[in-house]
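Colleague: Sharing a structure with you now.
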Amino acid sequence: MKKKNSILGMAFFGPALVLLTIFLFLPMALTFVFSFTDYFALNPELTHFVGLENYFNIFKDELFVQSFLNTVKFVVIIVPCQCIGALVLALAINKAAHCKKYFKVAFFVPVVMSLAVVSTLWMQIYSPEGILNTLLANFGIDAQPFIHSASQALPSIAVMSVWQGVGYQMIIFLGGLQNINPALYEAAEMDHASAWQQFKDITLPELKPLCVFVFITVTIGAFRMLVQPMVMTGGGPDHSTYTIVYDIYETGTVNWEMGLASTMAIVFTVFVVILTIIQNVLTKDKEEKKHGIKKAKAN
Amino acid sequence: MVSKKQRRINWILVAVLLVLSIFFLFPVIWMLANSFKPDAAITADMNSIAAFIPPALDGNFFDNYIEIITNTSFLRYMGNTLLYAAILIVLGIIVNGLAGYALAKIDFPFREQWLLIIMMLLIVPTETVITIHFLIIAKAGLLNTILGYILPSIVNPFNIFLFRQVFVSLPDDVYEAAQLDFCGPVKYFFTMVIPMSKTVVATVSVFTFLNVWNDYLWPALVFTSSDMLTAQIGLNSITSNENTTMGQTLAVITLVTIPVIIIYSLFSKQIVEGVTSTGSKEG
Amino acid sequence: MSFIEFKNVCKRYPGSDKDTVENLNLNIEEKEFIAFVGPSGCGKSTTLRMIAGFEEITGGELFIDGKKMNEVAPRDRGIAMVFQNYALYPHMTVEKNIGYGLKNMKMPADEIRKKVDWAIEMLGLEEYRYRKPKNLSGGQRQRVALGRAIVKNQKLFLMDEPLSNLDAKLRVSMRTEISKIHRELGATTIYVTHDQVEAMTMADRIVIMKEGVIQQVGKPMELYDHPVNQFVAGFIGSPQMNFFDVTVEDGTATFADGNSITLSEGTLKKLNGRRGEMILGIRGEDIKMDAQNMEINGENRLHAVITDTEVMGNENNLYFGFGGAQAVARVSKYEISQIGDRIDFVFMPSKMHFFDKETGVNYMEMQ
């Protein structure tokens, strides 16, 4: 019977395993190997082992450093806006006595639209004679260049990105809010807790693991910024919206410098993995504490 | 027992949210309204409330759409994408579902270790392996083929994990009863497990559809022949054409968005469930 | 050869240092209704699942109808099974659930239809034919599970606590129904339950298990009247048999509180000279208070004060402390007593059991 289960198990798991091997394990292994070589995809015969050279070079590469700094700028703008925006929206909608369903849909609509659609739409909105500048003119504000200037392009794309993404995290927060035991609020009511105290002492602590999760996923998402600048600005003007993943993508598929691209990919992956581990540590800790309290209560 | 003060706060809250949601939806409303206008009207309306109102329903109402549909291959691109999505949904459910079932219910060697590996794969940012996917598919001579497009996307660690979580709680005695009813494991999977797990199957299908429909990077690499393009790539090639008017651009992106909105309105329950499950898994 | 034969069958789960089922030897005849009873964890369900083929047999051999079954897949063992939680296919109607096995046997559609009609009628499921399991009550679901088992014409029925999820009243009526089905179909039935009443009322023979070992196999009344050890004596019968610590010396048994009774010739003969500390067991209905019995056993008359009563309607249970233990007597509804009443009673001499204090073996049933 055991033997039969082994065969059956591998038969069921096999197709997925084959595809995982070809399209995840192998690429990951290749990326790792390539990162120590000067692999040039158009001329693979000339590949040399170069040791850690790529790892030193990418940090000397001005474009990579700039794309890294740009990515950090994206993160710094997007993460607080999107996280706090999503939380505030969720809290408000959760409290709202009417139109709950409509609000959920309205703020979620941009999430289901594609990056390409949203980018194309906002290119029109941001255009020099576009609707946004026309509206601003009504308030006596001069026409802004938005995505056509090196100083405004990045924040413009970031704002659009928050607009598109905030609904997703809002739904996550709403799910978390609905999972809070209403008896907690009833008990707090009995203890004469004010609305602010209830928020501070019940809602926030209960949502904390979810907050960490949202914070990290939004951060990782912002680090992965690629399609929006690709469609809207092509990374410009003056590489002001060029990002890490954009750099990896172009180095790999436009310049075919796979060695260098792989090194960037490894650095980037390590970065993302570290963020995820931090998140796991933070949430695990919370959960254990929570369970500890529950156990203590049960006793 | 809601006090007067609370009720007033509630109304203010709803009013604020209403105003906010209208502002929030401005881009979408503007897109819809102006996709029916010639460029001259779009520019003329820009400085008034008319910017957010569709034009009168006359003979020219659908001009932008007709222009797109007759003079470009955009409908074909949409059809391509639907086809790719349908294939990927079916294959994805079979491959990931079978794997999820094995991890949930079949006692085979290293099952726990495989599960752990699948969970770790959830972290890997897929953009970083996309170039290697391209090399593999090019080497296999599969560029510009459906197979080349779908092969790397069939297996999905997140879907395997999602299936596994749902299948784990299926009762074992139903499988035992089915065995005594002469139903083998493969038949059991397709005729019992899948129908018994409609919710997760629907969730995975919807997300697969949205992924394929909205995917940008991978189809841009694999497809160069214009016969094979997906809607997103077709959109980009049409809107970047000098001769495409603003109204036509808006019509194209509206067209691309319509199926997504339909899917969303039909399956919003599954989508919300899927989204919240990504949160509850960690939190 | 018997229909089912267990030869030294053992089950040990990986990572455990003890057999869950130990050296099981048992023969079951064709058309028999056998009930496996015992407390939870006694190995009765594991045994059933080994017969079905859902649990691997880790030692010994199992034969069904003369064929060795150890390596045979469940589907090829010629069995039908009713599960504790019904295990219905949730997305299929009642009709489809019952006919599913037949369809997989590639039976022609009109024959399936006939069989399913027959089962549905027999079980009174006509009006639920097109319903799905989630729209049925527990009793109806159990009927569907029975229907699914009976249509397949298998020679062996396995039932794993089929009534344990039903309420008390429904359980009684389903008991009769299962007995009726067994009479009509004549299939060998193996029925696992933790409820000795089910076993007593339905089974031809009962197998009592404890900690993976068979304690006694026999007809219901055999087990009731002649339990081979204290475990069987205590497990079968409700209220439970009364047990008292006694010391047997010179033909008398002395209770912990100093009371004593003279033992009969027959009892002494079966004790075969054994003496010292042992356990006296007697069933509640064998504690007598009527004039006739008091007359016959005058010298062994005992006294106690009633501490509690249970009025059952047809009879009464009287609780009292005696001989350093709590005891219960079952008396007819005409013998009414109140809490605090003093009662005189005698133990029926031929109904007393004497168990070994260490091993629990019943001296009265030793050859």
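Identifiers in the structure tokens: chain A, B, ... in order shown; residue index from 1 per chain; ligand index from 1 in order shown.
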Excluding Gly266 in chain C and its own-chain neighbours fewer than 5 positions away, which residues fall within 10 Å of it when counting only C-alpha atoms? Please give them as a list in words.

Modeller: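 After dropping sequence-adjacent residues, the list is Leu271, Asn272, Pro349, Ser350 and Met364 of chain C.
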
Colleague: Skipping near chain neighbours, those fewer than 2 positions away, what residues fall within 12 Å of Thr72 in chain B using only C-alpha atoms, listed as an NGL selection string?

Modeller: :B and (64-70 or 74-78 or 226-227 or 231 or 234-235 or 237-239 or 241 or 243-244 or 248 or 252)

Colleague: Show me, as a list in words, the residues of chain A whose atoms get within 6 Å of chain B, using only C-alpha atoms for the distance check.

Modeller: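 Those within range of chain B come out as Asn5, Ser6, Gly9, Phe12, Phe13, Ala16, Phe23, Pro27, Ala96, Ser114, Val117, Ile131, Ile172, Gly175, Pro209, Leu210 and Ala265 of chain A.
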
Colleague: I need the chosen residues saved as a PDB file, in the first residue's frame, with C-alpha atoms.

Modeller:
ATOM      1  CA  ASN A   5       0.936   5.726  -2.471  1.00  0.00           C
ATOM      2  CA  SER A   6       4.454   6.696  -3.517  1.00  0.00           C
ATOM      3  CA  GLY A   9       1.762  10.727  -5.147  1.00  0.00           C
ATOM      4  CA  PHE A  12      -0.106  13.531  -9.126  1.00  0.00           C
ATOM      5  CA  PHE A  13       2.773  15.787  -8.107  1.00  0.00           C
ATOM      6  CA  ALA A  16       3.864  20.237 -11.448  1.00  0.00           C
ATOM      7  CA  PHE A  23      10.678  27.105 -15.076  1.00  0.00           C
ATOM      8  CA  PRO A  27      16.164  29.396 -13.901  1.00  0.00           C
ATOM      9  CA  ALA A  96     -20.079  53.622   7.271  1.00  0.00           C
ATOM     10  CA  SER A 114      -4.285  46.260 -16.041  1.00  0.00           C
ATOM     11  CA  VAL A 117      -4.439  50.306 -19.264  1.00  0.00           C
ATOM     12  CA  ILE A 131      -7.586  67.124 -18.110  1.00  0.00           C
ATOM     13  CA  ILE A 172      -7.382  42.927   3.106  1.00  0.00           C
ATOM     14  CA  GLY A 175     -11.334  41.317   5.997  1.00  0.00           C
ATOM     15  CA  PRO A 209      -0.079  41.345  12.115  1.00  0.00           C
ATOM     16  CA  LEU A 210      -2.099  42.374   9.083  1.00  0.00           C
ATOM     17  CA  ALA A 265      18.525  39.638  -9.988  1.00  0.00           C
TER      18      ALA A 265
END

Colleague: Between B:Phe207, B:Phe267, B:Ile194, B:Ala138, which is the closest to Ala41 in chain A once you count only C-alpha atoms?

Modeller: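 Looking at the shortest contact to Ala41 in chain A, the residue is B:Ala138.
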
Colleague: Within 9 Å of chain A, which residues of chain C come that close, and what is the closest atom pair and distance in Å for each? Count only C-alpha atoms and give it as JSON lines.

Modeller:
{"residue": "C:Glu55", "atom": "CA", "partner": "A:Met1", "partner_atom": "CA", "distance": 9.0}
{"residue": "C:Glu56", "atom": "CA", "partner": "A:Met1", "partner_atom": "CA", "distance": 7.1}
{"residue": "C:Glu71", "atom": "CA", "partner": "A:Met1", "partner_atom": "CA", "distance": 7.8}
{"residue": "C:Ala73", "atom": "CA", "partner": "A:Met1", "partner_atom": "CA", "distance": 8.7}
